[in-house]
There are 2 protein chains.
Amino acid sequence: MTSPDQTPRHLTDVDALAQLSFLVQATLERRAARAEVSLSLTRLLGILRDRRPTMYQLAQLMDLDKSSVTGLVERAERRGLTLRSRSPHDGRSVLVTLTEEGRALVAQVAAEFGRDIEQLLGALTATDRAALTEIAERVLITDAGTRGIDLFATEQSGT
Amino acid sequence: MTSPDQTPRHLTDVDALAQLSFLVQATLERRAARAEVSLSLTRLLGILRDRRPTMYQLAQLMDLDKSSVTGLVERAERRGLTLRSRSPHDGRSVLVTLTEEGRALVAQVAAEFGRDIEQLLGALTATDRAALTEIAERVLITDAGTRGIDLFATEQSGT
DNA sequence: AGATTTAGTTGGTGTCACGTACTAATATAG
DNA sequence: CTATATTAGTACGTGACACCAACTAAATCT
């Protein structure tokens with residue numbers, strides 16, 4: 001049922017970006033749901049793939065309240081996806097780690113999500129795809145800089 | 001505190017897109033929160049800016065369950081942001097409309113959010129910005145097509 | 001008219017995020 | 001070296017949100 005489609009109107013850059021973000025989020029959420037995990041939980045696991053943060057650091061990384069992280073990690077742990085251990089350096093701190101099960105799950109969801117995105121970007125030329133990635137990355141790097149966060153995970157522990 | 005920054009690593013296209021979507025969502029959510037509305041409610045109002053859908057159409061547009069829309073619209077109405085009226089054509093249907101207050105609120109949030117995005121994209125060249133918008137739009141149009149949804153709002157009533 | 005489909009609401013459940021109030025461990029002061 | 005302040009994390013209560021299943025009422029199809 002393609003409509004007459006006379007004037008292919010245009011979105012503003014703001015709208016385009018907003019809508020794109022809704023689309024990507026919805027895609028990720030669908031994938032997560034299929035694996036019986038929520039978007040937040042998926043995000044947590046994704047962050048833990050290459051980090052071993054304390055609860056406090058997690059709160060910063062996810063931009064959530066401490067108490068929200070407690071609940072999130074609590075639910076993750078109840079499902080056997082993460083582990084909590086006391087920090088050897090600071091008796092107050094708790095280190096959060098992925099279990100093998102958690103790692104497997106996040107890998108699976110990430111793979112499926114990757115395929116979804118592939119498909120979403122399928123209509124683009126290779127050039128456009130590369131451009132999109134590069135531009136997005138530039139925006140992210142700039143923003144990470146202004147927030148004082150390291151975009152590239154890197155670290156096992158904060159030392 | 002700029003770190004040595006030796007190897008500017010790269011994100012995969014999937015990661016870049018995912019992270020960008022989280023960034024945009026967080027930005028929008030912050031703005032919405034400042035106006036005392038949730039992200040979902042903001043999205044609802046945004047959709048209603050140029051549409052006058054039934055509850056059912058709303059559910060489709062937002063990809064939510066009917067009952068979720070009931071709750072959302074219920075809360076919006078309780079705050080005087082939307083109105084419900086029975087459809088003259090179909091006694092089962094309910095048309096949802098913005099009140100003046102709702103329209104003012106969404107305009108304000110949209111304006112502020114727009115400024116946020118401006119700033120986020122501030123580091124890009126005009127060419128890159130245009131490219132980002134255009135590529136994003138292409139992805140959106142393709143997806144809307146496969147979902148049978150009209151991306152460009154257009155309609156006042158479904159007739 | 002009678003059966004079926006469609007639009008919407010109701011009620012119950014689980015997730016999630018927040019704020020406040022609390023405990024325990026570390027850091028700072030005197 | 002105790003006394004206080006700060007920091008990390010948890011507990012609890014609240015509200016928003018989204019889902020499903022069950023229901024009512026209007027429209028459509030025999």
# chains A, B, ... in the order shown; residues from 1 in each chain; ligands from 1
>>> residues_around(residues="D:DA8", least_positions_apart="5", cutoff="7 Å", atoms="only C-alpha atoms (C1' of nucleotides)", output="PyMOL selection string")
chain A and resi 56+92-93
>>> interface_residues(of="chain B", to="chain C", cutoff="12 Å", atoms="only C-alpha atoms (C1' of nucleotides)", output="ChimeraX atom specification")
/B:33,38,54-59,65-71,73-74,84,86-87,90-95
>>> closest_atom_pairs(of="chain D", to="chain A", cutoff="12 Å", atoms="only C-alpha atoms (C1' of nucleotides)", output="CSV")
residue,atom,partner,partner_atom,distance
D:DT7,C1',A:Arg92,CA,8.1
D:DA8,C1',A:Arg92,CA,5.2
D:DG9,C1',A:Arg92,CA,7.2
D:DT10,C1',A:Thr70,CA,7.3
D:DA11,C1',A:Ser67,CA,9.3
D:DC12,C1',A:Ser67,CA,10.8
D:DA18,C1',A:Ser38,CA,11.2
D:DC19,C1',A:Ala33,CA,11.5
>>> closest_residue(among="B:Leu72, B:Leu83, B:Leu121, B:Ile141", to="chain A", atoms="only C-alpha atoms")
B:Leu121
>>> residues_around(residues="A:Arg115", least_positions_apart="4", cutoff="12 Å", atoms="only C-alpha atoms (C1' of nucleotides)", output="short mmCIF file (atom, residue, chain, number, x, y, z; two decimals) with C-alpha atoms, in the first residue's frame")
data_model
loop_
_atom_site.label_atom_id
_atom_site.label_comp_id
_atom_site.auth_asym_id
_atom_site.auth_seq_id
_atom_site.Cartn_x
_atom_site.Cartn_y
_atom_site.Cartn_z
CA THR A 27 15.13 -3.14 18.66
CA LEU A 28 17.41 -3.80 21.57
CA ARG A 31 16.02 -8.77 21.60
CA GLN A 108 24.09 -14.02 22.75
CA VAL A 109 21.93 -10.93 23.02
CA ALA A 110 24.70 -8.79 21.57
CA ALA A 111 25.06 -11.11 18.62
CA GLN A 119 19.39 -5.53 8.88
CA LEU A 120 18.31 -2.07 9.87
CA LEU A 121 21.33 -0.64 8.13
CA GLY A 122 20.95 -3.00 5.23
CA ASP B 13 28.96 0.20 14.02
CA VAL B 14 26.56 -1.67 16.25
#
>>> interface_residues(of="chain A", to="chain B", cutoff="9 Å", atoms="only C-alpha atoms", output="JSON, numbers by chain")
{"A": [1, 2, 8, 9, 10, 11, 12, 13, 14, 15, 16, 17, 18, 19, 20, 21, 22, 23, 24, 25, 26, 28, 63, 113, 114, 115, 117, 118, 120, 121, 122, 123, 124, 128, 129, 130, 131, 132, 133, 134, 135, 136, 137, 138, 139, 140, 142, 143, 145, 148, 152]}
>>> write_last_selection(atoms="N, CA and C atoms", output="compact mmCIF listing (two decimals), in the first residue's frame")
# COMPACT_ATOMS: atom_id res chain seq x y z
N MET A 1 0.83 -1.22 0.00
CA MET A 1 0.00 0.00 0.00
C MET A 1 0.85 1.25 0.00
N THR A 2 1.80 1.35 -0.86
CA THR A 2 2.59 2.57 -0.89
C THR A 2 1.71 3.72 -1.35
N PRO A 8 8.52 13.65 -0.75
CA PRO A 8 9.21 12.98 0.34
C PRO A 8 9.69 14.02 1.34
N ARG A 9 8.88 14.27 2.33
CA ARG A 9 9.23 15.32 3.28
C ARG A 9 10.49 14.97 4.06
N HIS A 10 10.92 15.89 4.87
CA HIS A 10 12.14 15.64 5.62
C HIS A 10 11.94 15.91 7.10
N LEU A 11 12.70 15.16 7.85
CA LEU A 11 12.70 15.37 9.29
C LEU A 11 13.79 16.38 9.64
N THR A 12 13.59 17.06 10.73
CA THR A 12 14.67 17.91 11.21
C THR A 12 15.76 16.99 11.76
N ASP A 13 16.94 17.51 11.92
CA ASP A 13 18.01 16.67 12.44
C ASP A 13 17.68 16.18 13.85
N VAL A 14 17.03 17.05 14.61
CA VAL A 14 16.67 16.64 15.97
C VAL A 14 15.68 15.48 15.94
N ASP A 15 14.65 15.63 15.14
CA ASP A 15 13.66 14.56 15.05
C ASP A 15 14.26 13.27 14.52
N ALA A 16 15.09 13.39 13.53
CA ALA A 16 15.69 12.19 12.95
C ALA A 16 16.49 11.44 14.01
N LEU A 17 17.25 12.19 14.77
CA LEU A 17 18.09 11.57 15.79
C LEU A 17 17.24 10.96 16.90
N ALA A 18 16.20 11.68 17.30
CA ALA A 18 15.34 11.19 18.36
C ALA A 18 14.65 9.90 17.91
N GLN A 19 14.10 9.95 16.73
CA GLN A 19 13.37 8.78 16.26
C GLN A 19 14.30 7.59 16.06
N LEU A 20 15.48 7.87 15.55
CA LEU A 20 16.44 6.79 15.37
C LEU A 20 16.77 6.15 16.72
N SER A 21 16.89 6.98 17.72
CA SER A 21 17.23 6.43 19.03
C SER A 21 16.08 5.58 19.57
N PHE A 22 14.86 5.99 19.31
CA PHE A 22 13.72 5.16 19.73
C PHE A 22 13.74 3.84 18.98
N LEU A 23 14.05 3.90 17.72
CA LEU A 23 14.07 2.67 16.92
C LEU A 23 15.13 1.70 17.43
N VAL A 24 16.31 2.21 17.68
CA VAL A 24 17.39 1.34 18.15
C VAL A 24 17.05 0.76 19.52
N GLN A 25 16.50 1.61 20.38
CA GLN A 25 16.14 1.14 21.71
C GLN A 25 15.08 0.04 21.63
N ALA A 26 14.10 0.27 20.79
CA ALA A 26 13.03 -0.72 20.65
C ALA A 26 13.60 -2.04 20.13
N LEU A 28 16.66 -3.17 20.50
CA LEU A 28 17.41 -3.80 21.57
C LEU A 28 16.49 -4.40 22.62
N ASP A 63 24.58 6.34 35.12
CA ASP A 63 23.89 7.56 35.47
C ASP A 63 22.60 7.27 36.23
N PHE A 113 21.34 -8.83 18.53
CA PHE A 113 21.11 -7.40 18.33
C PHE A 113 21.95 -6.90 17.17
N GLY A 114 23.17 -7.37 17.10
CA GLY A 114 24.04 -6.99 15.99
C GLY A 114 23.41 -7.32 14.66
N ARG A 115 22.83 -8.50 14.59
CA ARG A 115 22.17 -8.90 13.35
C ARG A 115 20.98 -8.00 13.03
N ILE A 117 20.67 -4.90 13.85
CA ILE A 117 21.17 -3.61 13.37
C ILE A 117 21.68 -3.75 11.94
N GLU A 118 22.35 -4.85 11.69
CA GLU A 118 22.80 -5.10 10.33
C GLU A 118 21.64 -4.93 9.36
N LEU A 120 18.82 -3.43 9.87
CA LEU A 120 18.31 -2.07 9.87
C LEU A 120 19.14 -1.18 8.95
N LEU A 121 20.43 -1.45 8.94
CA LEU A 121 21.33 -0.64 8.13
C LEU A 121 21.49 -1.22 6.73
N GLY A 122 20.78 -2.29 6.49
CA GLY A 122 20.95 -3.00 5.23
C GLY A 122 20.71 -2.14 4.00
N ALA A 123 19.83 -1.16 4.18
CA ALA A 123 19.47 -0.35 3.02
C ALA A 123 20.55 0.67 2.67
N LEU A 124 21.51 0.82 3.56
CA LEU A 124 22.53 1.85 3.32
C LEU A 124 23.68 1.31 2.48
N ASP A 128 27.81 4.98 3.37
CA ASP A 128 26.93 5.63 4.33
C ASP A 128 27.06 4.99 5.71
N ARG A 129 27.15 3.67 5.69
CA ARG A 129 27.29 2.97 6.97
C ARG A 129 28.54 3.41 7.70
N ALA A 130 29.62 3.44 6.96
CA ALA A 130 30.88 3.86 7.57
C ALA A 130 30.76 5.28 8.09
N ALA A 131 30.10 6.12 7.31
CA ALA A 131 29.95 7.52 7.70
C ALA A 131 29.13 7.61 8.98
N LEU A 132 28.04 6.86 9.03
CA LEU A 132 27.18 6.88 10.21
C LEU A 132 27.97 6.47 11.45
N THR A 133 28.68 5.38 11.33
CA THR A 133 29.46 4.90 12.47
C THR A 133 30.48 5.93 12.91
N GLU A 134 31.14 6.50 11.96
CA GLU A 134 32.20 7.42 12.32
C GLU A 134 31.66 8.70 12.95
N ILE A 135 30.59 9.18 12.39
CA ILE A 135 30.00 10.40 12.95
C ILE A 135 29.46 10.13 14.35
N ALA A 136 28.77 9.01 14.49
CA ALA A 136 28.24 8.65 15.80
C ALA A 136 29.37 8.56 16.81
N GLU A 137 30.43 7.93 16.40
CA GLU A 137 31.56 7.77 17.31
C GLU A 137 32.13 9.12 17.71
N ARG A 138 32.17 10.01 16.77
CA ARG A 138 32.73 11.32 17.09
C ARG A 138 31.85 12.03 18.13
N VAL A 139 30.55 11.94 17.93
CA VAL A 139 29.63 12.54 18.90
C VAL A 139 29.85 11.93 20.28
N LEU A 140 29.97 10.61 20.30
CA LEU A 140 30.13 9.91 21.58
C LEU A 140 31.41 10.28 22.28
N THR A 142 33.16 12.99 21.95
CA THR A 142 33.05 14.36 22.45
C THR A 142 32.28 14.40 23.75
N ASP A 143 31.14 13.73 23.74
CA ASP A 143 30.30 13.75 24.93
C ASP A 143 30.99 13.08 26.12
N GLY A 145 34.01 12.92 26.66
CA GLY A 145 35.02 13.85 27.13
C GLY A 145 34.45 14.89 28.08
N GLY A 148 33.76 13.42 31.38
CA GLY A 148 34.88 12.88 32.11
C GLY A 148 34.86 11.37 32.24
N PHE A 152 36.07 4.15 26.08
CA PHE A 152 36.64 2.83 25.80
C PHE A 152 36.98 2.15 27.10
>>> select_by_dssp(residues="stretch 28-66 of chain B", states="alpha helix (DSSP H)", output="list in words")
Leu28, Glu29, Arg30, Arg31, Ala32, Ala33, Arg34, Leu39, Ser40, Leu41, Thr42, Arg43, Leu44, Leu45, Gly46, Ile47, Leu48, Met55, Tyr56, Gln57, Leu58, Ala59, Gln60, Leu61, Met62 and Lys66 of chain B
>>> write_last_selection(atoms="C-alpha atoms", output="CSV table (one decimal), in the first residue's frame")
chain,number,residue,atom,x,y,z
B,28,LEU,CA,15.7,13.5,26.2
B,29,GLU,CA,14.8,11.9,29.5
B,30,ARG,CA,16.7,14.6,31.4
B,31,ARG,CA,14.8,17.3,29.6
B,32,ALA,CA,11.5,15.6,30.2
B,33,ALA,CA,12.2,15.1,33.8
B,34,ARG,CA,12.9,18.8,34.2
B,39,LEU,CA,10.0,9.8,28.7
B,40,SER,CA,7.0,7.8,27.7
B,41,LEU,CA,4.6,10.7,28.4
B,42,THR,CA,6.9,13.0,26.4
B,43,ARG,CA,6.9,10.6,23.5
B,44,LEU,CA,3.1,10.4,23.7
B,45,LEU,CA,2.8,14.2,23.6
B,46,GLY,CA,5.3,14.4,20.7
B,47,ILE,CA,3.2,12.0,18.7
B,48,LEU,CA,0.1,13.9,19.4
B,55,MET,CA,-6.1,4.6,21.4
B,56,TYR,CA,-5.6,1.7,19.1
B,57,GLN,CA,-3.6,3.7,16.6
B,58,LEU,CA,-1.6,5.1,19.4
B,59,ALA,CA,-0.7,1.6,20.5
B,60,GLN,CA,0.5,0.8,17.0
B,61,LEU,CA,2.5,4.0,16.7
B,62,MET,CA,4.2,3.5,20.0
B,66,LYS,CA,-3.4,-1.4,24.3
>>> select_by_dssp(residues="chain B", states="strand (DSSP E or B)", output="ChimeraX atom specification")
/B:54,82-86,94-98
>>> residues_around(residues="B:Arg49", least_positions_apart="2", cutoff="12 Å", atoms="only C-alpha atoms (C1' of nucleotides)", output="tab-separated table (two decimals) with C-alpha atoms, in the first residue's frame")
chain	number	residue	atom	x	y	z
B	42	THR	CA	6.86	13.02	26.39
B	43	ARG	CA	6.86	10.60	23.54
B	44	LEU	CA	3.10	10.41	23.66
B	45	LEU	CA	2.79	14.18	23.56
B	46	GLY	CA	5.30	14.36	20.73
B	47	ILE	CA	3.24	11.97	18.68
B	51	ARG	CA	-1.86	13.50	14.98
B	52	ARG	CA	-5.24	12.84	16.50
B	53	PRO	CA	-5.21	9.09	16.76
B	81	LEU	CA	-2.29	17.43	28.93
B	82	THR	CA	-4.64	15.43	26.72
B	96	VAL	CA	-6.87	11.44	21.84
B	97	THR	CA	-5.96	15.10	21.49
B	98	LEU	CA	-3.54	17.53	23.07
B	99	THR	CA	-4.93	20.26	25.24
B	100	GLU	CA	-3.46	23.71	24.93
B	101	GLU	CA	-1.50	23.01	28.04
B	102	GLY	CA	-0.20	19.78	26.59
B	103	ARG	CA	0.76	21.51	23.39
B	104	ALA	CA	2.61	24.21	25.25
B	105	LEU	CA	4.46	21.67	27.33
B	106	VAL	CA	5.59	19.53	24.45
B	107	ALA	CA	6.69	22.61	22.55
B	110	ALA	CA	11.03	19.92	22.28
B	152	PHE	CA	5.42	11.53	8.25
B	153	ALA	CA	2.49	12.30	10.40
B	154	THR	CA	0.38	14.32	8.07
B	155	GLU	CA	-3.05	13.27	9.19
B	156	GLN	CA	-5.46	14.97	11.52
>>> atom_distance(atom1="atom C1' of D:DG13", atom2="atom CA of A:Glu36")
27.0 Å
